[in-house]
$ cat data06.cif   # mmCIF, N, CA and C atoms
data_structure
loop_
_atom_site.group_PDB
_atom_site.id
_atom_site.type_symbol
_atom_site.label_atom_id
_atom_site.label_comp_id
_atom_site.auth_asym_id
_atom_site.auth_seq_id
_atom_site.Cartn_x
_atom_site.Cartn_y
_atom_site.Cartn_z
ATOM 1 N N MET A 1 0.840 -1.180 0.000
ATOM 2 C CA MET A 1 0.000 0.000 0.000
ATOM 3 C C MET A 1 0.886 1.245 0.000
ATOM 4 N N ALA A 2 0.323 2.415 -0.026
ATOM 5 C CA ALA A 2 1.067 3.669 -0.113
ATOM 6 C C ALA A 2 1.950 3.889 1.110
ATOM 7 N N ASN A 3 3.143 4.385 0.857
ATOM 8 C CA ASN A 3 4.101 4.726 1.912
ATOM 9 C C ASN A 3 4.453 3.549 2.802
ATOM 10 N N GLY A 4 4.379 2.350 2.288
ATOM 11 C CA GLY A 4 4.769 1.176 3.061
ATOM 12 C C GLY A 4 3.774 0.762 4.125
ATOM 13 N N ARG A 5 2.577 1.295 4.096
ATOM 14 C CA ARG A 5 1.555 0.945 5.088
ATOM 15 C C ARG A 5 0.678 -0.181 4.560
ATOM 16 N N THR A 6 0.223 -1.008 5.474
ATOM 17 C CA THR A 6 -0.709 -2.058 5.090
ATOM 18 C C THR A 6 -2.126 -1.496 5.095
ATOM 19 N N VAL A 7 -3.042 -2.230 4.521
ATOM 20 C CA VAL A 7 -4.445 -1.815 4.509
ATOM 21 C C VAL A 7 -4.958 -1.675 5.937
ATOM 22 N N GLY A 8 -4.594 -2.595 6.792
ATOM 23 C CA GLY A 8 -5.020 -2.539 8.191
ATOM 24 C C GLY A 8 -4.534 -1.286 8.901
ATOM 25 N N GLU A 9 -3.290 -0.881 8.630
ATOM 26 C CA GLU A 9 -2.742 0.329 9.251
ATOM 27 C C GLU A 9 -3.464 1.584 8.768
ATOM 28 N N VAL A 10 -3.789 1.614 7.486
ATOM 29 C CA VAL A 10 -4.517 2.757 6.937
ATOM 30 C C VAL A 10 -5.909 2.842 7.549
ATOM 31 N N LEU A 11 -6.601 1.729 7.646
ATOM 32 C CA LEU A 11 -7.945 1.723 8.235
ATOM 33 C C LEU A 11 -7.913 2.107 9.707
ATOM 34 N N GLU A 12 -6.897 1.683 10.428
ATOM 35 C CA GLU A 12 -6.745 2.054 11.838
ATOM 36 C C GLU A 12 -6.547 3.563 11.977
ATOM 37 N N ARG A 13 -5.758 4.131 11.083
ATOM 38 C CA ARG A 13 -5.527 5.580 11.118
ATOM 39 C C ARG A 13 -6.816 6.346 10.826
ATOM 40 N N VAL A 14 -7.583 5.882 9.860
ATOM 41 C CA VAL A 14 -8.860 6.522 9.539
ATOM 42 C C VAL A 14 -9.796 6.453 10.738
ATOM 43 N N ARG A 15 -9.855 5.305 11.393
ATOM 44 C CA ARG A 15 -10.724 5.150 12.564
ATOM 45 C C ARG A 15 -10.308 6.093 13.689
ATOM 46 N N ASP A 16 -9.010 6.225 13.924
ATOM 47 C CA ASP A 16 -8.520 7.128 14.967
ATOM 48 C C ASP A 16 -8.838 8.581 14.649
ATOM 49 N N ARG A 17 -8.707 8.965 13.382
ATOM 50 C CA ARG A 17 -9.017 10.347 13.000
ATOM 51 C C ARG A 17 -10.503 10.650 13.176
ATOM 52 N N ARG A 18 -11.349 9.702 12.835
ATOM 53 C CA ARG A 18 -12.793 9.911 13.021
ATOM 54 C C ARG A 18 -13.150 9.991 14.495
ATOM 55 N N ARG A 19 -12.519 9.171 15.299
ATOM 56 C CA ARG A 19 -12.780 9.165 16.734
ATOM 57 C C ARG A 19 -12.371 10.493 17.369
ATOM 58 N N SER A 20 -11.335 11.127 16.843
ATOM 59 C CA SER A 20 -10.867 12.392 17.411
ATOM 60 C C SER A 20 -11.808 13.545 17.088
ATOM 61 N N LYS A 21 -12.710 13.362 16.140
ATOM 62 C CA LYS A 21 -13.663 14.402 15.767
ATOM 63 C C LYS A 21 -15.031 14.129 16.386
ATOM 64 N N ARG A 22 -15.056 13.801 17.659
ATOM 65 C CA ARG A 22 -16.303 13.530 18.366
ATOM 66 C C ARG A 22 -16.628 14.660 19.330
ATOM 67 N N CYS A 23 -17.887 14.983 19.435
ATOM 68 C CA CYS A 23 -18.356 16.044 20.317
ATOM 69 C C CYS A 23 -18.054 15.685 21.773
ATOM 70 N N PRO A 24 -17.476 16.612 22.534
ATOM 71 C CA PRO A 24 -17.203 16.327 23.941
ATOM 72 C C PRO A 24 -18.474 16.230 24.784
ATOM 73 N N THR A 25 -19.591 16.750 24.280
ATOM 74 C CA THR A 25 -20.846 16.725 25.024
ATOM 75 C C THR A 25 -21.640 15.447 24.789
ATOM 76 N N CYS A 26 -21.844 15.085 23.520
ATOM 77 C CA CYS A 26 -22.724 13.953 23.217
ATOM 78 C C CYS A 26 -22.042 12.822 22.448
ATOM 79 N N ASP A 27 -20.758 12.946 22.135
ATOM 80 C CA ASP A 27 -19.974 11.929 21.429
ATOM 81 C C ASP A 27 -20.433 11.711 19.985
ATOM 82 N N SER A 28 -21.116 12.688 19.414
ATOM 83 C CA SER A 28 -21.506 12.626 18.008
ATOM 84 C C SER A 28 -20.416 13.281 17.157
ATOM 85 N N THR A 29 -20.579 13.272 15.863
ATOM 86 C CA THR A 29 -19.596 13.834 14.945
ATOM 87 C C THR A 29 -19.678 15.359 14.921
ATOM 88 N N VAL A 30 -18.517 16.002 14.831
ATOM 89 C CA VAL A 30 -18.471 17.456 14.710
ATOM 90 C C VAL A 30 -17.973 17.831 13.322
ATOM 91 N N THR A 31 -18.295 19.032 12.916
ATOM 92 C CA THR A 31 -17.798 19.587 11.668
ATOM 93 C C THR A 31 -16.929 20.794 11.996
ATOM 94 N N ILE A 32 -15.854 20.972 11.253
ATOM 95 C CA ILE A 32 -14.952 22.103 11.452
ATOM 96 C C ILE A 32 -15.007 22.967 10.197
ATOM 97 N N ARG A 33 -15.305 24.237 10.385
ATOM 98 C CA ARG A 33 -15.437 25.176 9.268
ATOM 99 C C ARG A 33 -14.571 26.401 9.523
ATOM 100 N N GLY A 34 -14.066 26.971 8.447
ATOM 101 C CA GLY A 34 -13.266 28.183 8.547
ATOM 102 C C GLY A 34 -13.852 29.300 7.707
ATOM 103 N N PHE A 35 -13.707 30.535 8.204
ATOM 104 C CA PHE A 35 -14.198 31.700 7.475
ATOM 105 C C PHE A 35 -13.313 32.892 7.818
ATOM 106 N N HIS A 36 -12.655 33.453 6.824
ATOM 107 C CA HIS A 36 -11.771 34.615 6.997
ATOM 108 C C HIS A 36 -10.727 34.404 8.088
ATOM 109 N N GLY A 37 -10.116 33.240 8.103
ATOM 110 C CA GLY A 37 -9.032 32.975 9.039
ATOM 111 C C GLY A 37 -9.446 32.568 10.432
ATOM 112 N N GLU A 38 -10.744 32.425 10.683
ATOM 113 C CA GLU A 38 -11.214 31.973 11.994
ATOM 114 C C GLU A 38 -11.949 30.648 11.812
ATOM 115 N N TYR A 39 -11.632 29.696 12.658
ATOM 116 C CA TYR A 39 -12.227 28.367 12.557
ATOM 117 C C TYR A 39 -13.135 28.106 13.742
ATOM 118 N N ARG A 40 -14.146 27.280 13.498
ATOM 119 C CA ARG A 40 -15.058 26.881 14.572
ATOM 120 C C ARG A 40 -15.475 25.447 14.351
ATOM 121 N N TRP A 41 -15.878 24.791 15.426
ATOM 122 C CA TRP A 41 -16.428 23.453 15.293
ATOM 123 C C TRP A 41 -17.846 23.482 15.827
ATOM 124 N N SER A 42 -18.693 22.635 15.267
ATOM 125 C CA SER A 42 -20.065 22.510 15.756
ATOM 126 C C SER A 42 -20.493 21.053 15.646
ATOM 127 N N CYS A 43 -21.299 20.644 16.592
ATOM 128 C CA CYS A 43 -21.784 19.270 16.640
ATOM 129 C C CYS A 43 -22.947 19.109 15.667
ATOM 130 N N LEU A 44 -22.999 17.966 15.013
ATOM 131 C CA LEU A 44 -24.091 17.699 14.080
ATOM 132 C C LEU A 44 -25.347 17.206 14.783
ATOM 133 N N ALA A 45 -25.244 16.824 16.065
ATOM 134 C CA ALA A 45 -26.392 16.267 16.777
ATOM 135 C C ALA A 45 -26.952 17.200 17.849
ATOM 136 N N CYS A 46 -26.077 17.877 18.583
ATOM 137 C CA CYS A 46 -26.561 18.761 19.650
ATOM 138 C C CYS A 46 -26.146 20.200 19.327
ATOM 139 N N ASP A 47 -26.342 21.108 20.230
ATOM 140 C CA ASP A 47 -26.051 22.519 19.977
ATOM 141 C C ASP A 47 -24.656 22.945 20.422
ATOM 142 N N ALA A 48 -23.774 22.004 20.724
ATOM 143 C CA ALA A 48 -22.424 22.354 21.174
ATOM 144 C C ALA A 48 -21.649 23.024 20.044
ATOM 145 N N VAL A 49 -20.879 24.038 20.406
ATOM 146 C CA VAL A 49 -20.095 24.773 19.420
ATOM 147 C C VAL A 49 -18.846 25.341 20.091
ATOM 148 N N GLY A 50 -17.782 25.433 19.332
ATOM 149 C CA GLY A 50 -16.558 26.086 19.789
ATOM 150 C C GLY A 50 -16.083 27.000 18.677
ATOM 151 N N PHE A 51 -15.655 28.215 18.999
ATOM 152 C CA PHE A 51 -15.265 29.144 17.944
ATOM 153 C C PHE A 51 -14.089 29.998 18.388
ATOM 154 N N GLY A 52 -13.504 30.701 17.425
ATOM 155 C CA GLY A 52 -12.393 31.594 17.702
ATOM 156 C C GLY A 52 -11.027 30.956 17.557
ATOM 157 N N TYR A 53 -10.923 29.862 16.835
ATOM 158 C CA TYR A 53 -9.641 29.183 16.648
ATOM 159 C C TYR A 53 -8.922 29.755 15.430
ATOM 160 N N ARG A 54 -7.586 29.827 15.507
ATOM 161 C CA ARG A 54 -6.790 30.415 14.433
ATOM 162 C C ARG A 54 -6.476 29.434 13.312
ATOM 163 N N SER A 55 -6.640 28.143 13.569
ATOM 164 C CA SER A 55 -6.347 27.140 12.542
ATOM 165 C C SER A 55 -7.270 25.944 12.718
ATOM 166 N N ARG A 56 -7.322 25.129 11.676
ATOM 167 C CA ARG A 56 -8.128 23.906 11.721
ATOM 168 C C ARG A 56 -7.598 22.956 12.792
ATOM 169 N N SER A 57 -6.289 22.863 12.901
ATOM 170 C CA SER A 57 -5.708 21.973 13.909
ATOM 171 C C SER A 57 -5.994 22.473 15.322
ATOM 172 N N ALA A 58 -6.037 23.784 15.516
ATOM 173 C CA ALA A 58 -6.387 24.332 16.829
ATOM 174 C C ALA A 58 -7.846 24.026 17.164
ATOM 175 N N ALA A 59 -8.724 24.096 16.171
ATOM 176 C CA ALA A 59 -10.132 23.752 16.397
ATOM 177 C C ALA A 59 -10.277 22.280 16.750
ATOM 178 N N LEU A 60 -9.528 21.429 16.071
ATOM 179 C CA LEU A 60 -9.560 20.000 16.377
ATOM 180 C C LEU A 60 -9.042 19.740 17.785
ATOM 181 N N GLU A 61 -8.007 20.442 18.188
ATOM 182 C CA GLU A 61 -7.484 20.312 19.551
ATOM 183 C C GLU A 61 -8.525 20.787 20.567
ATOM 184 N N GLY A 62 -9.284 21.813 20.215
ATOM 185 C CA GLY A 62 -10.363 22.287 21.080
ATOM 186 C C GLY A 62 -11.450 21.246 21.265
ATOM 187 N N VAL A 63 -11.755 20.508 20.210
ATOM 188 C CA VAL A 63 -12.740 19.424 20.305
ATOM 189 C C VAL A 63 -12.217 18.339 21.235
ATOM 190 N N ARG A 64 -10.958 17.986 21.082
ATOM 191 C CA ARG A 64 -10.363 16.919 21.895
ATOM 192 C C ARG A 64 -10.296 17.289 23.368
ATOM 193 N N SER A 65 -10.016 18.557 23.656
ATOM 194 C CA SER A 65 -9.848 18.965 25.049
ATOM 195 C C SER A 65 -11.184 19.221 25.739
ATOM 196 N N GLY A 66 -12.239 19.361 24.936
ATOM 197 C CA GLY A 66 -13.570 19.518 25.505
ATOM 198 C C GLY A 66 -13.800 20.906 25.914
#
$ encode --input "data06.cif" --output "structure tokens"
Amino acid sequence: MANGRTVGEVLERVRDRRRSKRCPTCDSTVTIRGFHGEYRWSCLACDAVGFGYRSRSAALEGVRSG
């Protein structure tokens, strides 16, 4: 597979990335959006939201930290 990874390793990485994008309130999936250099995350199931992040990775870290 690509970069010397097996199919199992790639699928494990995909699963871990999806798990990291879970709402800290209800454990549902979140979406991360950017507009004019500011990023925010919002839950697709409940009303939880986080905003004011300078980058997509900072927004993802905000989701992880709750």
$ resolve_selection --input "data06.cif" --expression "the PyMOL selection byres ((chain A and resi 50) around 6)" --output "JSON, numbers by chain"
{"A": [39, 40, 41, 42, 48, 49, 51, 52]}
$ atom_distance --input "data06.cif" --atom1 "atom C of His36 (chain A)" --atom2 "atom C of Cys23 (chain A)"
24.3 Å
$ closest_residue --input "data06.cif" --among "A:Gly4, A:Pro24, A:Tyr53, A:Glu9" --to "Gly66 (chain A)" --atoms "all atoms listed in the file"
A:Pro24
$ closest_residue --input "data06.cif" --among "A:Arg5, A:Arg56, A:Cys46, A:Arg17" --to "Ile32 (chain A)" --atoms "only N, CA and C atoms"
A:Arg56
$ closest_residue --input "data06.cif" --among "A:Val14, A:Leu60, A:Val7, A:Cys26" --to "Ala45 (chain A)" --atoms "all atoms listed in the file"
A:Cys26
$ resolve_selection --input "data06.cif" --expression "the PyMOL selection byres (((chain A and resi 20 and name CA) around 12) and name CA)" --output "list in words"
Arg13, Val14, Arg15, Asp16, Arg17, Arg18, Arg19, Lys21, Arg22, Cys23, Pro24, Asp27, Ser28, Thr29, Val30, Thr31, Ser57, Ala59, Leu60, Glu61, Gly62, Val63, Arg64, Ser65 and Gly66 of chain A
$ select_by_dssp --input "data06.cif" --residues "chain A" --states "alpha helix (DSSP H)" --output "list in words"
Val7, Gly8, Glu9, Val10, Leu11, Glu12, Arg13, Val14, Arg15, Asp16, Arg17, Arg18, Arg19, Ser20, Arg56, Ser57, Ala58, Ala59, Leu60, Glu61, Gly62, Val63, Arg64 and Ser65 of chain A
$ select_by_dssp --input "data06.cif" --residues "chain A" --states "strand (DSSP E or B)" --output "list in words"
Arg22, Thr29, Val30, Thr31, Ile32, Arg33, Gly34, Phe35, Glu38, Tyr39, Arg40, Trp41, Ser42, Cys43, Val49, Gly50, Phe51, Gly52 and Tyr53 of chain A
$ atom_distance --input "data06.cif" --atom1 "CA of Ser55 (chain A)" --atom2 "CA of Cys43 (chain A)"
17.8 Å
$ atom_distance --input "data06.cif" --atom1 "atom C of Ala58 (chain A)" --atom2 "atom N of Thr25 (chain A)"
15.5 Å
$ axis_aligned_box --input "data06.cif" --around "region 39-47 of chain A" --padding-each-side "4 Å" --output "lines of an AutoDock Vina configuration file"
center_x = -19.3
center_y = 23.0
center_z = 16.5
size_x = 23.3
size_y = 21.4
size_z = 15.9
$ decode --input "data06.cif" --residues "region 25-55 of chain A" --atoms "N, CA and C atoms" --output "PDB file, in the first residue's frame"
ATOM      1  N   THR A  25     -19.591  16.750  24.280  1.00  0.00           N
ATOM      2  CA  THR A  25     -20.846  16.725  25.024  1.00  0.00           C
ATOM      3  C   THR A  25     -21.640  15.447  24.789  1.00  0.00           C
ATOM      4  N   CYS A  26     -21.844  15.085  23.520  1.00  0.00           N
ATOM      5  CA  CYS A  26     -22.724  13.953  23.217  1.00  0.00           C
ATOM      6  C   CYS A  26     -22.042  12.822  22.448  1.00  0.00           C
ATOM      7  N   ASP A  27     -20.758  12.946  22.135  1.00  0.00           N
ATOM      8  CA  ASP A  27     -19.974  11.929  21.429  1.00  0.00           C
ATOM      9  C   ASP A  27     -20.433  11.711  19.985  1.00  0.00           C
ATOM     10  N   SER A  28     -21.116  12.688  19.414  1.00  0.00           N
ATOM     11  CA  SER A  28     -21.506  12.626  18.008  1.00  0.00           C
ATOM     12  C   SER A  28     -20.416  13.281  17.157  1.00  0.00           C
ATOM     13  N   THR A  29     -20.579  13.272  15.863  1.00  0.00           N
ATOM     14  CA  THR A  29     -19.596  13.834  14.945  1.00  0.00           C
ATOM     15  C   THR A  29     -19.678  15.359  14.921  1.00  0.00           C
ATOM     16  N   VAL A  30     -18.517  16.002  14.831  1.00  0.00           N
ATOM     17  CA  VAL A  30     -18.471  17.456  14.710  1.00  0.00           C
ATOM     18  C   VAL A  30     -17.973  17.831  13.322  1.00  0.00           C
ATOM     19  N   THR A  31     -18.295  19.032  12.916  1.00  0.00           N
ATOM     20  CA  THR A  31     -17.798  19.587  11.668  1.00  0.00           C
ATOM     21  C   THR A  31     -16.929  20.794  11.996  1.00  0.00           C
ATOM     22  N   ILE A  32     -15.854  20.972  11.253  1.00  0.00           N
ATOM     23  CA  ILE A  32     -14.952  22.103  11.452  1.00  0.00           C
ATOM     24  C   ILE A  32     -15.007  22.967  10.197  1.00  0.00           C
ATOM     25  N   ARG A  33     -15.305  24.237  10.385  1.00  0.00           N
ATOM     26  CA  ARG A  33     -15.437  25.176   9.268  1.00  0.00           C
ATOM     27  C   ARG A  33     -14.571  26.401   9.523  1.00  0.00           C
ATOM     28  N   GLY A  34     -14.066  26.971   8.447  1.00  0.00           N
ATOM     29  CA  GLY A  34     -13.266  28.183   8.547  1.00  0.00           C
ATOM     30  C   GLY A  34     -13.852  29.300   7.707  1.00  0.00           C
ATOM     31  N   PHE A  35     -13.707  30.535   8.204  1.00  0.00           N
ATOM     32  CA  PHE A  35     -14.198  31.700   7.475  1.00  0.00           C
ATOM     33  C   PHE A  35     -13.313  32.892   7.818  1.00  0.00           C
ATOM     34  N   HIS A  36     -12.655  33.453   6.824  1.00  0.00           N
ATOM     35  CA  HIS A  36     -11.771  34.615   6.997  1.00  0.00           C
ATOM     36  C   HIS A  36     -10.727  34.404   8.088  1.00  0.00           C
ATOM     37  N   GLY A  37     -10.116  33.240   8.103  1.00  0.00           N
ATOM     38  CA  GLY A  37      -9.032  32.975   9.039  1.00  0.00           C
ATOM     39  C   GLY A  37      -9.446  32.568  10.432  1.00  0.00           C
ATOM     40  N   GLU A  38     -10.744  32.425  10.683  1.00  0.00           N
ATOM     41  CA  GLU A  38     -11.214  31.973  11.994  1.00  0.00           C
ATOM     42  C   GLU A  38     -11.949  30.648  11.812  1.00  0.00           C
ATOM     43  N   TYR A  39     -11.632  29.696  12.658  1.00  0.00           N
ATOM     44  CA  TYR A  39     -12.227  28.367  12.557  1.00  0.00           C
ATOM     45  C   TYR A  39     -13.135  28.106  13.742  1.00  0.00           C
ATOM     46  N   ARG A  40     -14.146  27.280  13.498  1.00  0.00           N
ATOM     47  CA  ARG A  40     -15.058  26.881  14.572  1.00  0.00           C
ATOM     48  C   ARG A  40     -15.475  25.447  14.351  1.00  0.00           C
ATOM     49  N   TRP A  41     -15.878  24.791  15.426  1.00  0.00           N
ATOM     50  CA  TRP A  41     -16.428  23.453  15.293  1.00  0.00           C
ATOM     51  C   TRP A  41     -17.846  23.482  15.827  1.00  0.00           C
ATOM     52  N   SER A  42     -18.693  22.635  15.267  1.00  0.00           N
ATOM     53  CA  SER A  42     -20.065  22.510  15.756  1.00  0.00           C
ATOM     54  C   SER A  42     -20.493  21.053  15.646  1.00  0.00           C
ATOM     55  N   CYS A  43     -21.299  20.644  16.592  1.00  0.00           N
ATOM     56  CA  CYS A  43     -21.784  19.270  16.640  1.00  0.00           C
ATOM     57  C   CYS A  43     -22.947  19.109  15.667  1.00  0.00           C
ATOM     58  N   LEU A  44     -22.999  17.966  15.013  1.00  0.00           N
ATOM     59  CA  LEU A  44     -24.091  17.699  14.080  1.00  0.00           C
ATOM     60  C   LEU A  44     -25.347  17.206  14.783  1.00  0.00           C
ATOM     61  N   ALA A  45     -25.244  16.824  16.065  1.00  0.00           N
ATOM     62  CA  ALA A  45     -26.392  16.267  16.777  1.00  0.00           C
ATOM     63  C   ALA A  45     -26.952  17.200  17.849  1.00  0.00           C
ATOM     64  N   CYS A  46     -26.077  17.877  18.583  1.00  0.00           N
ATOM     65  CA  CYS A  46     -26.561  18.761  19.650  1.00  0.00           C
ATOM     66  C   CYS A  46     -26.146  20.200  19.327  1.00  0.00           C
ATOM     67  N   ASP A  47     -26.342  21.108  20.230  1.00  0.00           N
ATOM     68  CA  ASP A  47     -26.051  22.519  19.977  1.00  0.00           C
ATOM     69  C   ASP A  47     -24.656  22.945  20.422  1.00  0.00           C
ATOM     70  N   ALA A  48     -23.774  22.004  20.724  1.00  0.00           N
ATOM     71  CA  ALA A  48     -22.424  22.354  21.174  1.00  0.00           C
ATOM     72  C   ALA A  48     -21.649  23.024  20.044  1.00  0.00           C
ATOM     73  N   VAL A  49     -20.879  24.038  20.406  1.00  0.00           N
ATOM     74  CA  VAL A  49     -20.095  24.773  19.420  1.00  0.00           C
ATOM     75  C   VAL A  49     -18.846  25.341  20.091  1.00  0.00           C
ATOM     76  N   GLY A  50     -17.782  25.433  19.332  1.00  0.00           N
ATOM     77  CA  GLY A  50     -16.558  26.086  19.789  1.00  0.00           C
ATOM     78  C   GLY A  50     -16.083  27.000  18.677  1.00  0.00           C
ATOM     79  N   PHE A  51     -15.655  28.215  18.999  1.00  0.00           N
ATOM     80  CA  PHE A  51     -15.265  29.144  17.944  1.00  0.00           C
ATOM     81  C   PHE A  51     -14.089  29.998  18.388  1.00  0.00           C
ATOM     82  N   GLY A  52     -13.504  30.701  17.425  1.00  0.00           N
ATOM     83  CA  GLY A  52     -12.393  31.594  17.702  1.00  0.00           C
ATOM     84  C   GLY A  52     -11.027  30.956  17.557  1.00  0.00           C
ATOM     85  N   TYR A  53     -10.923  29.862  16.835  1.00  0.00           N
ATOM     86  CA  TYR A  53      -9.641  29.183  16.648  1.00  0.00           C
ATOM     87  C   TYR A  53      -8.922  29.755  15.430  1.00  0.00           C
ATOM     88  N   ARG A  54      -7.586  29.827  15.507  1.00  0.00           N
ATOM     89  CA  ARG A  54      -6.790  30.415  14.433  1.00  0.00           C
ATOM     90  C   ARG A  54      -6.476  29.434  13.312  1.00  0.00           C
ATOM     91  N   SER A  55      -6.640  28.143  13.569  1.00  0.00           N
ATOM     92  CA  SER A  55      -6.347  27.140  12.542  1.00  0.00           C
ATOM     93  C   SER A  55      -7.270  25.944  12.718  1.00  0.00           C
TER      94      SER A  55
END
